[in-house]
$ cat entry-v1.txt   # compact mmCIF, C-alpha atoms and all ligand atoms
# COMPACT_ATOMS: atom_id res chain seq x y z
CA MET A 207 230.61 -40.20 -116.11
CA GLU A 208 228.43 -39.99 -119.23
CA GLU A 209 225.71 -42.59 -119.41
CA THR A 210 226.54 -43.57 -122.99
CA LYS A 211 230.12 -44.36 -121.96
CA ILE A 212 228.88 -46.58 -119.15
CA LEU A 213 226.59 -48.40 -121.57
CA GLN A 214 229.44 -48.86 -124.04
CA GLY A 215 231.65 -50.24 -121.29
CA TYR A 216 228.91 -52.60 -120.29
CA ASP A 217 228.46 -53.83 -123.85
CA TYR A 218 232.15 -54.52 -124.13
CA ALA A 219 232.18 -56.30 -120.76
CA LYS A 220 229.22 -58.42 -121.77
CA ASP A 221 231.17 -59.76 -124.75
CA VAL A 222 234.31 -60.38 -122.72
CA PHE A 223 232.38 -62.32 -120.10
CA ALA A 224 230.36 -64.23 -122.70
CA ALA A 225 233.65 -65.38 -124.19
CA VAL A 226 234.56 -67.04 -120.89
CA GLY A 227 231.08 -68.50 -120.51
CA VAL A 228 229.55 -66.01 -118.07
CA ASP A 229 226.10 -64.42 -118.44
CA VAL A 230 226.55 -60.91 -117.10
CA ASP A 231 222.87 -60.13 -116.55
CA ALA A 232 222.29 -63.29 -114.57
CA ALA A 233 225.43 -62.63 -112.53
CA MET A 234 224.33 -59.09 -111.78
CA GLU A 235 220.91 -60.20 -110.65
CA ALA A 236 222.38 -62.91 -108.43
CA ALA A 237 224.83 -60.46 -106.87
CA ASP A 238 222.08 -57.92 -106.23
CA ALA A 239 219.95 -60.41 -104.31
CA ILE A 240 222.50 -61.52 -101.72
CA PRO A 241 221.73 -59.75 -98.44
CA VAL A 242 224.47 -57.82 -96.68
CA SER A 243 223.78 -56.65 -93.15
CA MET A 244 225.07 -53.15 -92.53
CA HIS A 245 226.17 -52.46 -88.97
CA CYS A 246 224.56 -49.43 -87.36
CA TRP A 247 227.51 -48.95 -85.00
CA GLN A 248 229.87 -47.39 -87.55
CA GLY A 249 227.83 -44.19 -87.34
CA ASP A 250 228.39 -43.34 -83.68
CA ASP A 251 231.62 -45.14 -82.70
CA VAL A 252 229.75 -48.03 -81.00
CA ILE A 253 228.43 -45.81 -78.22
CA GLY A 254 224.69 -46.40 -78.56
CA PHE A 255 221.87 -44.37 -77.08
CA ASP A 256 220.87 -46.22 -73.93
CA GLY A 257 223.13 -44.25 -71.66
CA SER A 258 226.38 -46.19 -71.62
CA GLY A 259 228.36 -43.18 -72.86
CA GLU A 260 231.65 -44.97 -73.42
CA LEU A 261 232.87 -48.10 -75.15
CA THR A 262 234.26 -50.91 -73.00
CA GLY A 263 234.73 -54.66 -73.37
CA GLY A 264 238.12 -54.80 -75.03
CA ILE A 265 237.09 -53.11 -78.27
CA ALA A 266 238.11 -49.58 -79.21
CA THR A 267 237.27 -46.97 -81.78
CA THR A 268 240.11 -44.60 -82.55
CA GLY A 269 239.91 -41.12 -84.09
CA ASN A 270 237.80 -38.06 -83.44
CA TYR A 271 236.47 -37.09 -86.83
CA PRO A 272 233.66 -34.55 -86.35
CA GLY A 273 229.99 -35.32 -86.93
CA ARG A 274 229.28 -38.48 -84.92
CA ALA A 275 225.55 -39.27 -84.70
CA ARG A 276 224.43 -38.36 -81.18
CA THR A 277 220.84 -39.54 -81.33
CA ALA A 278 218.97 -42.38 -82.98
CA GLY A 279 217.30 -39.82 -85.23
CA GLU A 280 220.68 -38.55 -86.43
CA LEU A 281 221.91 -42.09 -86.94
CA ARG A 282 218.87 -43.01 -89.04
CA GLN A 283 219.30 -39.84 -91.07
CA ASP A 284 222.95 -40.76 -91.71
CA ILE A 285 222.04 -44.33 -92.67
CA ASP A 286 219.34 -43.05 -95.02
CA PHE A 287 221.93 -40.88 -96.70
CA ALA A 288 224.58 -43.62 -96.83
CA ARG A 289 222.08 -45.98 -98.40
CA THR A 290 221.71 -43.70 -101.41
CA MET A 291 225.28 -44.79 -102.29
CA ILE A 292 224.87 -48.47 -101.50
CA PRO A 293 223.32 -50.80 -104.08
CA GLY A 294 221.94 -54.28 -103.44
CA THR A 295 219.84 -56.08 -100.84
CA THR A 296 220.70 -54.54 -97.50
CA LYS A 297 219.73 -55.36 -93.94
CA LEU A 298 220.42 -53.29 -90.85
CA ASN A 299 222.46 -54.84 -88.06
CA LEU A 300 221.28 -53.23 -84.84
CA HIS A 301 222.67 -53.45 -81.30
CA ALA A 302 220.50 -53.44 -78.18
CA SER A 303 222.36 -50.34 -76.97
CA TYR A 304 220.56 -48.38 -79.71
CA ALA A 305 217.34 -48.61 -77.68
CA GLU A 306 215.26 -45.46 -77.39
CA LYS A 307 213.95 -45.28 -73.86
CA HIS A 308 212.31 -41.84 -74.00
CA GLY A 309 212.99 -41.23 -70.33
CA LYS A 310 211.50 -44.54 -69.23
CA GLN A 311 213.35 -46.37 -66.43
CA VAL A 312 214.10 -49.64 -68.15
CA ASP A 313 217.36 -51.55 -68.25
CA ARG A 314 218.72 -54.04 -70.76
CA ASP A 315 217.31 -57.02 -68.88
CA ALA A 316 213.81 -55.68 -69.51
CA TYR A 317 213.94 -54.24 -73.02
CA THR A 318 211.08 -55.13 -75.34
CA ILE A 319 210.28 -54.21 -78.91
CA ASP A 320 208.84 -50.98 -77.42
CA GLU A 321 212.36 -49.61 -77.04
CA PHE A 322 212.90 -50.26 -80.77
CA ARG A 323 209.59 -49.01 -82.14
CA GLU A 324 211.16 -46.20 -84.16
CA TRP A 325 213.77 -48.54 -85.58
CA LEU A 326 211.04 -50.99 -86.54
CA ASP A 327 208.85 -48.36 -88.19
CA TRP A 328 211.83 -46.95 -90.05
CA ALA A 329 212.92 -50.43 -91.20
CA LYS A 330 209.39 -51.15 -92.38
CA GLU A 331 209.19 -47.88 -94.26
CA ASN A 332 212.51 -48.57 -95.94
CA ARG A 333 211.72 -52.24 -96.52
CA LEU A 334 214.86 -53.25 -94.65
CA GLY A 335 215.43 -56.50 -92.81
CA VAL A 336 217.02 -56.23 -89.37
CA ASP A 337 219.54 -58.37 -87.49
CA PHE A 338 220.00 -57.87 -83.78
CA ASN A 339 222.77 -58.01 -81.18
CA PRO A 340 222.62 -58.13 -77.41
CA THR A 341 224.95 -55.47 -76.07
CA ILE A 342 227.01 -57.25 -73.43
CA PHE A 343 229.57 -54.51 -72.81
CA SER A 344 229.61 -50.79 -72.00
CA HIS A 345 227.28 -51.16 -69.02
CA PRO A 346 227.46 -50.82 -65.21
CA ARG A 347 226.18 -54.39 -64.73
CA MET A 348 229.37 -55.76 -66.31
CA ASP A 349 231.60 -57.35 -63.68
CA GLY A 350 234.78 -55.78 -65.01
CA ASP A 351 234.90 -57.45 -68.39
CA PHE A 352 232.89 -60.48 -67.25
CA SER A 353 229.22 -60.98 -67.95
CA LEU A 354 227.76 -64.44 -68.61
CA ALA A 355 230.82 -66.00 -66.99
CA SER A 356 230.91 -63.70 -63.96
CA LEU A 357 231.36 -65.37 -60.60
CA ASP A 358 228.46 -63.30 -59.35
CA GLU A 359 225.12 -64.98 -59.88
CA GLY A 360 223.18 -61.70 -60.02
CA THR A 361 225.42 -60.44 -62.80
CA ARG A 362 225.01 -63.63 -64.78
CA ARG A 363 221.25 -63.52 -64.29
CA PHE A 364 221.08 -59.92 -65.53
CA TRP A 365 222.89 -60.80 -68.76
CA ILE A 366 220.94 -64.04 -69.23
CA GLU A 367 217.74 -62.00 -69.03
CA HIS A 368 219.18 -59.53 -71.55
CA GLY A 369 220.05 -62.43 -73.83
CA ILE A 370 216.50 -63.76 -73.67
CA ARG A 371 214.97 -60.29 -74.19
CA CYS A 372 217.02 -59.95 -77.36
CA ARG A 373 215.60 -63.19 -78.75
CA GLU A 374 212.09 -61.90 -78.01
CA ILE A 375 212.85 -58.55 -79.66
CA ALA A 376 214.36 -60.28 -82.70
CA LEU A 377 211.22 -62.37 -83.04
CA GLU A 378 209.11 -59.22 -83.14
CA PHE A 379 211.39 -57.67 -85.78
CA ALA A 380 211.22 -60.84 -87.87
CA LYS A 381 207.43 -61.09 -87.67
CA ALA A 382 206.89 -57.45 -88.49
CA LEU A 383 209.41 -57.33 -91.33
CA GLY A 384 208.63 -60.73 -92.81
CA GLN A 385 212.20 -61.99 -92.76
CA PRO A 386 214.47 -63.69 -90.21
CA CYS A 387 216.34 -61.58 -87.68
CA VAL A 388 219.63 -63.17 -86.62
CA VAL A 389 220.60 -62.62 -82.98
CA ASN A 390 224.37 -62.57 -82.58
CA TYR A 391 225.91 -63.13 -79.14
CA TRP A 392 229.34 -61.78 -78.45
CA MET A 393 230.67 -61.10 -74.97
CA PRO A 394 234.15 -59.99 -73.98
CA ASP A 395 234.59 -62.26 -70.94
CA GLY A 396 238.26 -62.96 -70.35
CA TYR A 397 241.44 -62.14 -68.44
CA LYS A 398 244.27 -59.74 -69.14
CA ASP A 399 246.81 -62.11 -67.68
CA VAL A 400 247.45 -65.83 -67.48
CA CYS A 401 244.70 -67.42 -65.46
CA ALA A 402 244.90 -70.40 -63.17
CA ASP A 403 241.46 -71.87 -63.82
CA THR A 404 240.43 -71.91 -67.44
CA VAL A 405 237.58 -74.33 -66.78
CA LEU A 406 235.41 -72.54 -64.22
CA ARG A 407 234.56 -69.57 -66.43
CA ARG A 408 233.74 -71.81 -69.36
CA ASP A 409 231.45 -73.93 -67.21
CA LEU A 410 229.64 -70.76 -66.17
CA MET A 411 229.47 -69.47 -69.75
CA THR A 412 227.97 -72.74 -70.98
CA ALA A 413 225.34 -72.74 -68.24
CA SER A 414 224.46 -69.10 -69.01
CA LEU A 415 224.20 -69.67 -72.75
CA ASP A 416 222.08 -72.77 -72.15
CA ALA A 417 219.76 -70.62 -70.01
CA ILE A 418 219.49 -67.98 -72.76
CA PHE A 419 218.64 -70.57 -75.39
CA ALA A 420 216.27 -72.60 -73.21
CA PRO A 421 213.03 -70.67 -73.87
CA ASP A 422 211.09 -71.87 -76.87
CA ILE A 423 211.42 -68.93 -79.29
CA ASP A 424 211.08 -69.72 -82.98
CA GLU A 425 214.61 -70.01 -84.35
CA THR A 426 213.52 -70.05 -87.95
CA LEU A 427 212.46 -66.44 -87.40
CA ALA A 428 215.06 -65.50 -84.81
CA PRO A 429 218.10 -67.71 -85.40
CA CYS A 430 220.83 -67.45 -82.77
CA ALA A 431 224.54 -67.07 -83.45
CA LEU A 432 227.60 -67.15 -81.23
CA GLU A 433 230.75 -65.16 -82.11
CA SER A 434 234.20 -66.29 -81.05
CA LYS A 435 237.23 -64.14 -80.39
CA LEU A 436 240.94 -64.59 -79.90
CA PHE A 437 241.52 -61.70 -77.50
CA GLY A 438 240.43 -58.20 -76.58
CA VAL A 439 242.36 -55.12 -75.53
CA GLY A 440 243.10 -55.59 -71.84
CA LEU A 441 241.97 -59.21 -72.20
CA GLU A 442 245.00 -60.53 -73.98
CA SER A 443 245.63 -63.83 -72.22
CA TYR A 444 242.35 -65.67 -71.97
CA THR A 445 239.00 -65.42 -73.73
CA VAL A 446 236.19 -67.62 -72.45
CA ALA A 447 234.34 -67.83 -75.79
CA SER A 448 237.39 -68.64 -77.89
CA HIS A 449 237.18 -70.23 -81.33
CA GLU A 450 237.20 -73.83 -80.10
CA TYR A 451 234.72 -73.00 -77.37
CA SER A 452 232.24 -71.17 -79.59
CA TYR A 453 232.48 -73.51 -82.55
CA GLY A 454 232.04 -76.50 -80.26
CA TYR A 455 229.07 -74.89 -78.55
CA CYS A 456 227.43 -74.20 -81.90
CA VAL A 457 228.00 -77.72 -83.25
CA LYS A 458 226.62 -79.28 -80.11
CA ASN A 459 223.66 -76.94 -79.75
CA ARG A 460 222.87 -76.35 -83.42
CA LYS A 461 223.53 -72.62 -83.37
CA ILE A 462 224.99 -70.37 -86.04
CA TYR A 463 228.71 -69.78 -85.65
CA THR A 464 229.90 -66.23 -86.29
CA LEU A 465 233.31 -65.87 -87.89
CA ASP A 466 234.70 -62.36 -87.50
CA ALA A 467 237.59 -61.65 -89.85
CA GLY A 468 239.49 -59.86 -87.08
CA HIS A 469 239.12 -62.51 -84.41
CA PHE A 470 241.90 -64.89 -85.31
CA HIS A 471 245.67 -64.94 -85.40
CA PRO A 472 246.86 -62.34 -87.92
CA THR A 473 247.81 -64.91 -90.55
CA GLU A 474 244.56 -66.88 -90.19
CA VAL A 475 241.75 -66.07 -92.60
CA ILE A 476 238.04 -66.78 -92.24
CA SER A 477 237.69 -67.57 -95.95
CA ALA A 478 239.52 -70.82 -95.16
CA LYS A 479 237.06 -71.71 -92.41
CA ILE A 480 233.62 -71.31 -93.97
CA THR A 481 233.16 -74.66 -95.70
CA ALA A 482 235.05 -76.49 -92.95
CA CYS A 483 232.56 -75.21 -90.38
CA LEU A 484 229.63 -75.91 -92.70
CA GLN A 485 230.47 -79.61 -92.74
CA PHE A 486 229.07 -79.71 -89.21
CA LEU A 487 226.84 -76.64 -88.95
CA ASP A 488 223.74 -75.59 -90.84
CA LYS A 489 224.77 -71.97 -91.05
CA VAL A 490 227.49 -69.49 -90.30
CA MET A 491 227.41 -65.74 -89.97
CA LEU A 492 230.27 -63.55 -91.12
CA HIS A 493 231.48 -60.36 -89.54
CA VAL A 494 233.43 -59.01 -92.45
CA SER A 495 236.03 -56.71 -90.99
CA ARG A 496 239.69 -55.87 -91.57
CA GLY A 497 242.23 -56.35 -88.86
CA VAL A 498 245.50 -54.51 -89.30
CA ARG A 499 248.08 -56.22 -87.05
CA TRP A 500 245.32 -56.88 -84.51
CA ASP A 501 241.52 -56.82 -84.30
CA SER A 502 241.59 -53.16 -85.29
CA ASP A 503 238.26 -53.11 -87.13
CA HIS A 504 239.50 -51.09 -90.10
CA VAL A 505 237.01 -50.31 -92.87
CA VAL A 506 236.61 -53.23 -95.24
CA ALA A 507 238.86 -52.84 -98.28
CA TRP A 508 238.48 -54.75 -101.55
CA ASP A 509 241.46 -56.93 -100.84
CA ASP A 510 242.31 -60.55 -101.59
CA GLU A 511 240.69 -61.84 -98.42
CA LEU A 512 237.40 -60.03 -99.03
CA GLN A 513 237.31 -61.48 -102.52
CA ARG A 514 238.15 -64.96 -101.25
CA ILE A 515 235.35 -64.78 -98.69
CA MET A 516 232.78 -63.87 -101.33
CA ASP A 517 234.20 -66.43 -103.78
CA GLU A 518 233.71 -69.12 -101.15
CA VAL A 519 230.09 -68.13 -100.59
CA VAL A 520 229.21 -67.77 -104.27
CA TYR A 521 231.24 -70.58 -105.86
CA ASN A 522 229.83 -73.07 -103.37
CA ARG A 523 226.27 -71.71 -103.66
CA LEU A 524 226.13 -71.05 -99.95
CA THR A 525 224.06 -67.89 -99.99
CA ASP A 526 221.29 -69.47 -97.94
CA ARG A 527 223.73 -70.87 -95.38
CA VAL A 528 225.99 -67.88 -94.85
CA TYR A 529 224.71 -64.63 -93.36
CA ILE A 530 226.97 -61.78 -94.44
CA GLY A 531 227.36 -58.84 -92.08
CA LEU A 532 229.95 -56.11 -91.78
CA ASP A 533 231.67 -55.17 -88.53
CA TYR A 534 234.13 -52.29 -88.31
CA PHE A 535 234.30 -48.88 -86.73
CA ASP A 536 236.64 -46.11 -87.78
CA ALA A 537 236.32 -42.65 -86.28
CA SER A 538 239.36 -41.19 -88.02
CA ILE A 539 237.63 -40.56 -91.36
CA ASN A 540 234.10 -39.55 -92.37
CA ARG A 541 231.78 -42.17 -90.92
CA ILE A 542 229.34 -42.11 -93.83
CA ALA A 543 232.23 -42.64 -96.22
CA CYS A 544 233.18 -45.65 -94.07
CA TRP A 545 229.77 -47.19 -94.71
CA ALA A 546 229.80 -46.30 -98.40
CA ILE A 547 233.30 -47.68 -98.97
CA GLY A 548 232.87 -50.88 -96.96
CA MET A 549 229.40 -51.70 -98.25
CA ARG A 550 230.30 -50.92 -101.86
CA ASN A 551 233.41 -53.06 -101.51
CA ALA A 552 231.43 -55.98 -100.12
CA ARG A 553 228.95 -55.72 -103.00
CA LYS A 554 231.73 -55.33 -105.58
CA ALA A 555 233.41 -58.46 -104.28
CA ILE A 556 230.08 -60.31 -104.43
CA LEU A 557 229.57 -59.11 -108.00
CA SER A 558 233.09 -60.16 -108.95
CA ALA A 559 232.46 -63.61 -107.46
CA CYS A 560 229.23 -63.95 -109.45
CA LEU A 561 231.04 -62.83 -112.62
CA ALA A 562 233.99 -65.19 -112.21
CA PRO A 563 234.14 -68.13 -114.63
CA SER A 564 234.06 -70.39 -111.60
CA GLU A 565 232.54 -73.39 -113.38
CA ARG A 566 235.36 -73.40 -115.93
CA ILE A 567 237.98 -73.07 -113.23
CA ARG A 568 236.45 -75.90 -111.22
CA ARG A 569 236.16 -78.11 -114.25
CA ALA A 570 239.87 -77.68 -114.88
CA GLU A 571 240.51 -78.66 -111.29
CA ARG A 572 238.30 -81.75 -111.45
CA GLU A 573 240.00 -82.83 -114.64
CA GLY A 574 243.37 -82.50 -112.97
CA ASP A 575 244.46 -79.63 -115.20
CA LEU A 576 246.00 -77.50 -112.51
CA THR A 577 247.85 -75.41 -115.08
CA ALA A 578 244.55 -74.27 -116.55
CA ARG A 579 243.10 -73.72 -113.09
CA PHE A 580 245.88 -71.33 -112.19
CA ALA A 581 245.87 -69.61 -115.58
CA LEU A 582 242.11 -68.98 -115.42
CA GLN A 583 242.27 -67.80 -111.83
CA GLU A 584 244.87 -65.23 -112.78
CA GLU A 585 243.12 -64.11 -115.99
CA ARG A 586 239.94 -63.67 -113.99
CA LYS A 587 241.55 -60.84 -112.09
CA SER A 588 241.67 -58.55 -115.13
CA LEU A 589 238.17 -59.24 -116.44
CA PRO A 590 236.21 -55.97 -116.74
CA VAL A 591 234.30 -56.21 -113.47
CA GLY A 592 234.53 -52.42 -113.07
CA ALA A 593 232.51 -51.79 -116.23
CA VAL A 594 229.75 -54.10 -114.99
CA TRP A 595 229.90 -52.47 -111.55
CA ASP A 596 229.41 -49.01 -113.06
CA TYR A 597 226.44 -50.19 -115.09
CA TYR A 598 224.98 -51.94 -112.04
CA CYS A 599 225.27 -48.75 -109.95
CA LEU A 600 223.68 -46.73 -112.74
CA ARG A 601 220.79 -49.15 -112.96
CA LYS A 602 220.30 -49.17 -109.19
CA GLY A 603 220.28 -45.37 -109.09
CA VAL A 604 223.36 -45.05 -106.88
CA ASP A 605 226.53 -43.10 -107.54
CA VAL A 606 228.87 -44.31 -110.25
CA GLY A 607 232.57 -44.21 -109.41
CA ASP A 608 233.59 -41.72 -106.73
CA ALA A 609 230.66 -39.36 -107.37
CA TRP A 610 229.37 -40.16 -103.89
CA LEU A 611 232.38 -38.49 -102.30
CA ALA A 612 231.32 -34.98 -103.34
CA ARG A 613 227.88 -35.67 -101.89
CA VAL A 614 229.44 -36.80 -98.63
CA ARG A 615 231.43 -33.55 -98.52
CA GLN A 616 228.22 -31.58 -99.06
CA TYR A 617 226.45 -33.50 -96.30
CA GLU A 618 229.42 -32.80 -94.08
CA ARG A 619 228.98 -29.08 -94.66
CA ASP A 620 225.18 -29.09 -94.40
CA VAL A 621 224.54 -31.61 -91.64
CA LEU A 622 227.57 -33.07 -89.86
CA SER A 623 229.33 -29.78 -89.19
CA GLN A 624 226.23 -28.51 -87.36
CA ARG A 625 226.48 -31.24 -84.72
C1 LIG B 1 233.81 -57.49 -80.92
C2 LIG B 1 232.93 -58.20 -81.89
C3 LIG B 1 231.52 -57.70 -81.96
C4 LIG B 1 231.42 -56.18 -81.97
C5 LIG B 1 230.06 -55.64 -82.29
C6 LIG B 1 229.93 -54.21 -81.93
O1 LIG B 1 235.12 -57.85 -81.03
O2 LIG B 1 233.51 -58.19 -83.15
O3 LIG B 1 230.89 -58.26 -83.05
O4 LIG B 1 232.34 -55.63 -82.87
O5 LIG B 1 229.10 -56.42 -81.71
ZN ZN B 2 232.31 -58.98 -84.74
$ encode --input "entry-v1.txt" --output "structure tokens"
Amino acid sequence: MEETKILQGYDYAKDVFAAVGVDVDAAMEAADAIPVSMHCWQGDDVIGFDGSGELTGGIATTGNYPGRARTAGELRQDIDFARTMIPGTTKLNLHASYAEKHGKQVDRDAYTIDEFREWLDWAKENRLGVDFNPTIFSHPRMDGDFSLASLDEGTRRFWIEHGIRCREIALEFAKALGQPCVVNYWMPDGYKDVCADTVLRRDLMTASLDAIFAPDIDETLAPCALESKLFGVGLESYTVASHEYSYGYCVKNRKIYTLDAGHFHPTEVISAKITACLQFLDKVMLHVSRGVRWDSDHVVAWDDELQRIMDEVVYNRLTDRVYIGLDYFDASINRIACWAIGMRNARKAILSACLAPSERIRRAEREGDLTARFALQEERKSLPVGAVWDYYCLRKGVDVGDAWLARVRQYERDVLSQR
């Protein structure tokens, strides 16, 4: 699109928003500054590079689109390219399974920042913050799908050590990059079928988590989060770290609670949970995903729930209490497009939240004028957010509209098809 047209659109939008009491420039700046953590695992179907080879733990990537990143170098190259389409403050969300061992005999219970040197240097070069995840799945030391709640002490010990190593690694990332590195714990532990003792495994899980969090590692630099889940594939009947379990653990132990959009009953939404949890927690982390009928991890679309999530964060000025990360993995379409679409949607929804006349809407509510509240909420939906978005992309030097798609096609021809 012609630049003059974009500028005209922006001028028009500025007037429209001014008429409802919104300063577009301030909104744009606010939206740009909110960090969104981009998950590395979209680029290689959650396989990683530390030798696991296949994905286990009740999660599944479907599709066999060509061009999956097979090495950390390829993955970084793909992320570099995807980032040219993604505006706004971005962090990288990295999993421990993306370690680069360079032939060294070292397992997950002994990883140090050395296995992530290239990631660290690359993050530094690109001025990217990093968040980190222990990889407690896809590994021979899993006891079936049990880890921290295994009945086998050696298994538990192995994963406790991994959990501690990840805190140490996160601390190194945070120190080197000058910003906090959130460590998010998710483990699949659970049963396919109805179990007879729901207590034992939870007792073991609690003891294991306590052991992971016991060492004194600065949690302002490496804050720790625990992610709940309703069920996994092959683990349909019982999940040790369910919602009540994980939320309770976090309240009691002052951890960050991770709400994944796909980890609840299909009619439950995480947008409804954020401020409820924050009554009793300092912080939450979001795994913005899109479940279709189940925890299917579809690419994030700009749908009502995404908008509601971002509205909650922005309207309530919770940007320093809510860490926003994305979590999905689709191998049926171009993986770089998956990043571009999901990340652009997250940022668009953030921008829309910042542009909404939220103060006016809330005033109507406080004054008991629920007619006006509803009217303004509905009118908000057709405000010219798209014109501001185009201008924002132009200013940030990223593609306007669907221009990125042709570049992805070119990259597919030049790079992905050679893999
Ligand atoms: C699994 C959890 C978890 C993973 C990533 C790869 O159901 O959502 O967050 O998706 O850690
Ligand atoms: Zn998740």
$ closest_residue --input "entry-v1.txt" --among "A:Trp508, A:Phe419, A:Tyr391, A:Tyr598" --to "ligand ZN 2 (chain B)" --atoms "all atoms listed in the file"
A:Tyr391
$ residues_around --input "entry-v1.txt" --residues "A:Met393" --least-positions-apart "2" --cutoff "8 Å" --atoms "all atoms listed in the file" --output "VMD selection string"
chain A and resid 263 342 to 343 353 to 354 391 395 447
$ atom_distance --input "entry-v1.txt" --atom1 "atom C6 of ligand LIG 1 (chain B)" --atom2 "atom CA of A:Lys458"
25.4 Å
$ residues_around --input "entry-v1.txt" --residues "stretch 453-455 of chain A" --least-positions-apart "3" --cutoff "10 Å" --atoms "all atoms listed in the file" --output "VMD selection string"
chain A and resid 412 415 to 416 432 to 434 447 to 450 458 to 465 483 486 to 487
$ closest_residue --input "entry-v1.txt" --among "A:Ile515, A:Ile253, A:Ala467, A:Val520" --to "ligand ZN 2 (chain B)" --atoms "all atoms listed in the file"
A:Ala467
$ closest_atom_pairs --input "entry-v1.txt" --of "chain A" --to "ligand LIG 1 (chain B)" --cutoff "6 Å" --atoms "only C-alpha atoms and all ligand atoms" --output "CSV"
residue,atom,partner,partner_atom,distance
A:Ile265,CA,B:LIG1,O1,5.8
A:Trp392,CA,B:LIG1,C3,5.8
A:Asp533,CA,B:LIG1,O4,5.7
